[in-house]
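Enquirer: Okay, here's the structure, questions in a sec.
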Amino acid sequence: MSLTTPYQIQTYNVRELNKAWKETTRLINESYRTKKNRSAELQTKLLALLFSAYTEAIFSKLIHTPYALSSVEIDDLKAKFKNNSYEGWKRCLNKMVVKITSKSENEKESIKTEIRNILLTYIKKPSEMRNRLAHGQWSIALNSPNTQKNSDITKQIDELDVVKLEVYKKSFDLMVLLIEDLVESPNKAHIEHYDDRLENFDLEQAKMAQWTLQGRLNKLAPKPS
């Protein structure tokens, strides 16, 4: 296997992370099926870290799309992402929307608002929780200066489950399609697909709103003989 560019390397990494995601969710389902709830809870936190790795690999792959961004733009986005992943995504969105020449400023502002709202829910919120997990705050989160408990994020960690993470990932993947079109072809693919992709995002949100952990457990429960 000859992988020479960051884009090729991260494309491969994304595929491997998708495999890891499927295997980890399989293990969680099996733990629940066999009533090993504590194991499922621990595996779920590992899945949250895996989601973070996946979003980072996707971001890196995206900004290294061939012929899309200059090396200066790529370095700028890397630096922004390193300090704050949400701000990195937002900067990437803003850079790409500027490149649209066939829409008015009001239309472009509307695109930024729509996608930023998605980023807030599916990048910013999970990253805050992931940062706590990655820094050893496995069950109880601290505030930013590490001086006292952060009750809001502690509650998020406590209520985390595999179904919520699957909603995060599917929503993230749908959002990435919107940004990929902007990166690869702001005046063609974006124009052709944006409305349909946004409509599909909303449709999938309505479907996923019905997903619950209890519904998953019911499906995994042994069927009466």
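All residue names refer to the structure tokens as shown: chains lettered A, B, ... in order, residues numbered from 1 in each chain, ligands numbered from 1 in order.
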Sorted by chain and rising residue number, list the residues of region 41-132 of chain A at most 12 Å from region 200-204 of chain A (counting only C-alpha atoms), each with its closest atom pair and distance in Å to one decimal, as JSON lines.
Expert:
{"residue": "A:Glu114", "atom": "CA", "partner": "A:Phe201", "partner_atom": "CA", "distance": 11.3}
{"residue": "A:Ile115", "atom": "CA", "partner": "A:Phe201", "partner_atom": "CA", "distance": 10.9}
{"residue": "A:Ile118", "atom": "CA", "partner": "A:Phe201", "partner_atom": "CA", "distance": 9.8}
Enquirer: Could the residues in this selection be written to a file with N, CA and C atoms, as a JSON list (two decimals), in the first residue's frame?
Expert:
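Writing the result to part20.json gives the following:
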[["chain", "number", "residue", "atom", "x", "y", "z"],
["A", 114, "GLU", "N", -26.79, 28.21, 9.04],
["A", 114, "GLU", "CA", -27.37, 26.86, 9.07],
["A", 114, "GLU", "C", -26.34, 25.81, 9.47],
["A", 115, "ILE", "N", -25.16, 25.89, 8.87],
["A", 115, "ILE", "CA", -24.14, 24.87, 9.17],
["A", 115, "ILE", "C", -23.52, 25.11, 10.53],
["A", 118, "ILE", "N", -25.47, 23.41, 13.19],
["A", 118, "ILE", "CA", -25.19, 21.97, 13.24],
["A", 118, "ILE", "C", -23.87, 21.72, 13.96]]
Enquirer: So that I can see what lies close to Glu41 (chain A), please list as a list in words the residues with an atom at most 9 Å from it, counting only C-alpha atoms and leaving out residues fewer than 2 positions away in the same chain.
Expert: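 The contact residues come out as Ile28, Lys36, Asn37, Arg38, Ser39, Gln43, Thr44, Lys45, Leu46, Leu160, Asp161 and Val162 of chain A.
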Enquirer: Please produce a file of the residues just selected, as a PDB file, in the first residue's frame, where the atoms kept are N, CA and C atoms.
Expert:
ATOM      1  N   ILE A  28     -20.625  -3.293  22.474  1.00  0.00           N
ATOM      2  CA  ILE A  28     -21.569  -2.677  23.408  1.00  0.00           C
ATOM      3  C   ILE A  28     -22.914  -3.391  23.350  1.00  0.00           C
ATOM      4  N   LYS A  36     -24.412  -7.318  30.734  1.00  0.00           N
ATOM      5  CA  LYS A  36     -23.179  -6.780  31.317  1.00  0.00           C
ATOM      6  C   LYS A  36     -23.199  -5.256  31.158  1.00  0.00           C
ATOM      7  N   ASN A  37     -24.101  -4.633  31.892  1.00  0.00           N
ATOM      8  CA  ASN A  37     -24.337  -3.201  31.719  1.00  0.00           C
ATOM      9  C   ASN A  37     -23.120  -2.351  32.070  1.00  0.00           C
ATOM     10  N   ARG A  38     -22.373  -2.779  33.088  1.00  0.00           N
ATOM     11  CA  ARG A  38     -21.186  -2.002  33.475  1.00  0.00           C
ATOM     12  C   ARG A  38     -20.154  -2.019  32.356  1.00  0.00           C
ATOM     13  N   SER A  39     -19.976  -3.164  31.736  1.00  0.00           N
ATOM     14  CA  SER A  39     -19.044  -3.241  30.600  1.00  0.00           C
ATOM     15  C   SER A  39     -19.518  -2.341  29.463  1.00  0.00           C
ATOM     16  N   GLN A  43     -17.418   0.712  27.753  1.00  0.00           N
ATOM     17  CA  GLN A  43     -17.176   0.689  26.309  1.00  0.00           C
ATOM     18  C   GLN A  43     -17.774   1.921  25.630  1.00  0.00           C
ATOM     19  N   THR A  44     -18.861   2.431  26.178  1.00  0.00           N
ATOM     20  CA  THR A  44     -19.499   3.626  25.613  1.00  0.00           C
ATOM     21  C   THR A  44     -18.592   4.840  25.742  1.00  0.00           C
ATOM     22  N   LYS A  45     -17.903   4.951  26.864  1.00  0.00           N
ATOM     23  CA  LYS A  45     -16.972   6.070  27.022  1.00  0.00           C
ATOM     24  C   LYS A  45     -15.804   5.955  26.048  1.00  0.00           C
ATOM     25  N   LEU A  46     -15.370   4.736  25.795  1.00  0.00           N
ATOM     26  CA  LEU A  46     -14.321   4.531  24.788  1.00  0.00           C
ATOM     27  C   LEU A  46     -14.843   4.898  23.397  1.00  0.00           C
ATOM     28  N   LEU A 160     -24.553   9.706  28.938  1.00  0.00           N
ATOM     29  CA  LEU A 160     -24.046   9.255  27.648  1.00  0.00           C
ATOM     30  C   LEU A 160     -24.444   7.804  27.394  1.00  0.00           C
ATOM     31  N   ASP A 161     -24.868   7.495  26.163  1.00  0.00           N
ATOM     32  CA  ASP A 161     -25.132   6.104  25.809  1.00  0.00           C
ATOM     33  C   ASP A 161     -24.836   5.882  24.338  1.00  0.00           C
ATOM     34  N   VAL A 162     -24.809   4.639  23.927  1.00  0.00           N
ATOM     35  CA  VAL A 162     -24.407   4.276  22.574  1.00  0.00           C
ATOM     36  C   VAL A 162     -25.351   4.860  21.524  1.00  0.00           C
TER      37      VAL A 162
END
Enquirer: Extract, using only C-alpha atoms, all DNA, RNA and protein residues at most 9 Å from Arg33 (chain A), discarding same-chain residues fewer than 5 positions from it, and format them as an mmCIF file with N, CA and C atoms, in the first residue's frame.
Expert:
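selection33.cif, freshly written:
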data_model
loop_
_atom_site.group_PDB
_atom_site.id
_atom_site.type_symbol
_atom_site.label_atom_id
_atom_site.label_comp_id
_atom_site.auth_asym_id
_atom_site.auth_seq_id
_atom_site.Cartn_x
_atom_site.Cartn_y
_atom_site.Cartn_z
ATOM 1 N N ILE A 28 -20.625 -3.293 22.474
ATOM 2 C CA ILE A 28 -21.569 -2.677 23.408
ATOM 3 C C ILE A 28 -22.914 -3.391 23.350
ATOM 4 N N LEU A 217 -32.329 -1.712 23.794
ATOM 5 C CA LEU A 217 -32.330 -2.839 24.730
ATOM 6 C C LEU A 217 -33.485 -3.799 24.438
ATOM 7 N N LEU A 220 -32.520 -5.992 21.643
ATOM 8 C CA LEU A 220 -31.467 -6.938 21.988
ATOM 9 C C LEU A 220 -31.944 -8.027 22.952
ATOM 10 N N ALA A 221 -33.079 -7.784 23.576
ATOM 11 C CA ALA A 221 -33.583 -8.782 24.559
ATOM 12 C C ALA A 221 -33.921 -10.087 23.878
ATOM 13 N N PRO A 222 -33.645 -11.217 24.548
ATOM 14 C CA PRO A 222 -33.978 -12.532 23.960
ATOM 15 C C PRO A 222 -35.460 -12.625 23.657
#
Enquirer: Using only C-alpha atoms, which protein or nucleic acid residues come within 12 Å of Lys155 (chain A)? Drop anything in the same chain fewer than 6 positions from it, and give the result as JSON, numbers by chain.
Expert: {"A": [129, 138, 139, 140, 141, 142, 149]}
Enquirer: Save the residues we just selected, N, CA and C atoms, as an mmCIF file, in the first residue's frame?
Expert:
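File out-v8.cif, as written:
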data_model
loop_
_atom_site.group_PDB
_atom_site.id
_atom_site.type_symbol
_atom_site.label_atom_id
_atom_site.label_comp_id
_atom_site.auth_asym_id
_atom_site.auth_seq_id
_atom_site.Cartn_x
_atom_site.Cartn_y
_atom_site.Cartn_z
ATOM 1 N N MET A 129 -17.278 17.395 26.167
ATOM 2 C CA MET A 129 -17.342 16.180 26.974
ATOM 3 C C MET A 129 -16.114 15.308 26.726
ATOM 4 N N TRP A 138 -13.162 10.972 34.106
ATOM 5 C CA TRP A 138 -13.870 9.832 33.526
ATOM 6 C C TRP A 138 -15.337 9.763 33.937
ATOM 7 N N SER A 139 -15.633 10.240 35.124
ATOM 8 C CA SER A 139 -17.018 10.197 35.619
ATOM 9 C C SER A 139 -17.505 11.558 36.096
ATOM 10 N N ILE A 140 -16.594 12.333 36.688
ATOM 11 C CA ILE A 140 -16.953 13.662 37.197
ATOM 12 C C ILE A 140 -16.071 14.697 36.502
ATOM 13 N N ALA A 141 -16.709 15.664 35.850
ATOM 14 C CA ALA A 141 -15.972 16.689 35.104
ATOM 15 C C ALA A 141 -15.640 17.880 35.998
ATOM 16 N N LEU A 142 -14.480 18.465 35.719
ATOM 17 C CA LEU A 142 -14.069 19.697 36.396
ATOM 18 C C LEU A 142 -14.325 20.897 35.486
ATOM 19 N N LYS A 149 -16.228 21.142 40.468
ATOM 20 C CA LYS A 149 -17.012 20.281 39.589
ATOM 21 C C LYS A 149 -17.775 21.097 38.546
#
Enquirer: Quick one: residues within 12 Å of Asp181 (chain A), only C-alpha atoms, excluding same-chain residues fewer than 6 positions away - as a PyMOL selection string?
Expert: chain A and resi 62+65+68+93+96-97+99-100+174-175+187-195+197
Enquirer: I'd like the neighbourhood of Gln10 (chain A) as a tab-separated table (two decimals) with C-alpha atoms, in the first residue's frame, where a residue qualifies if any of its atoms comes within 12 Å (using only C-alpha atoms), though same-chain residues fewer than 5 positions away should be ignored.
Expert:
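Wrote around.tsv, looks like this:
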chain	number	residue	atom	x	y	z
A	3	LEU	CA	-0.06	6.25	0.80
A	4	THR	CA	1.97	9.38	0.20
A	5	THR	CA	-0.26	12.41	0.80
A	15	ARG	CA	-11.91	3.80	6.88
A	16	GLU	CA	-10.11	2.10	9.78
A	17	LEU	CA	-11.91	4.26	12.34
A	53	ALA	CA	-10.69	10.63	16.79
A	54	TYR	CA	-13.02	10.09	13.84
A	55	THR	CA	-14.06	13.75	13.63
A	56	GLU	CA	-10.43	14.84	13.81
A	57	ALA	CA	-9.40	12.47	11.01
A	58	ILE	CA	-12.30	13.70	8.87
A	59	PHE	CA	-11.29	17.33	9.42
A	60	SER	CA	-7.69	16.59	8.43
A	61	LYS	CA	-8.82	14.65	5.35
A	62	LEU	CA	-11.17	17.47	4.37
A	63	ILE	CA	-8.67	20.32	4.54
A	64	HIS	CA	-6.12	18.26	2.58
A	65	THR	CA	-8.55	17.65	-0.30
Enquirer: Smallest atom-to-atom distance to Thr25 (chain A): which of A:Val183, A:Leu119, A:Leu178, A:Leu47, using only C-alpha atoms?
Expert: A:Leu47
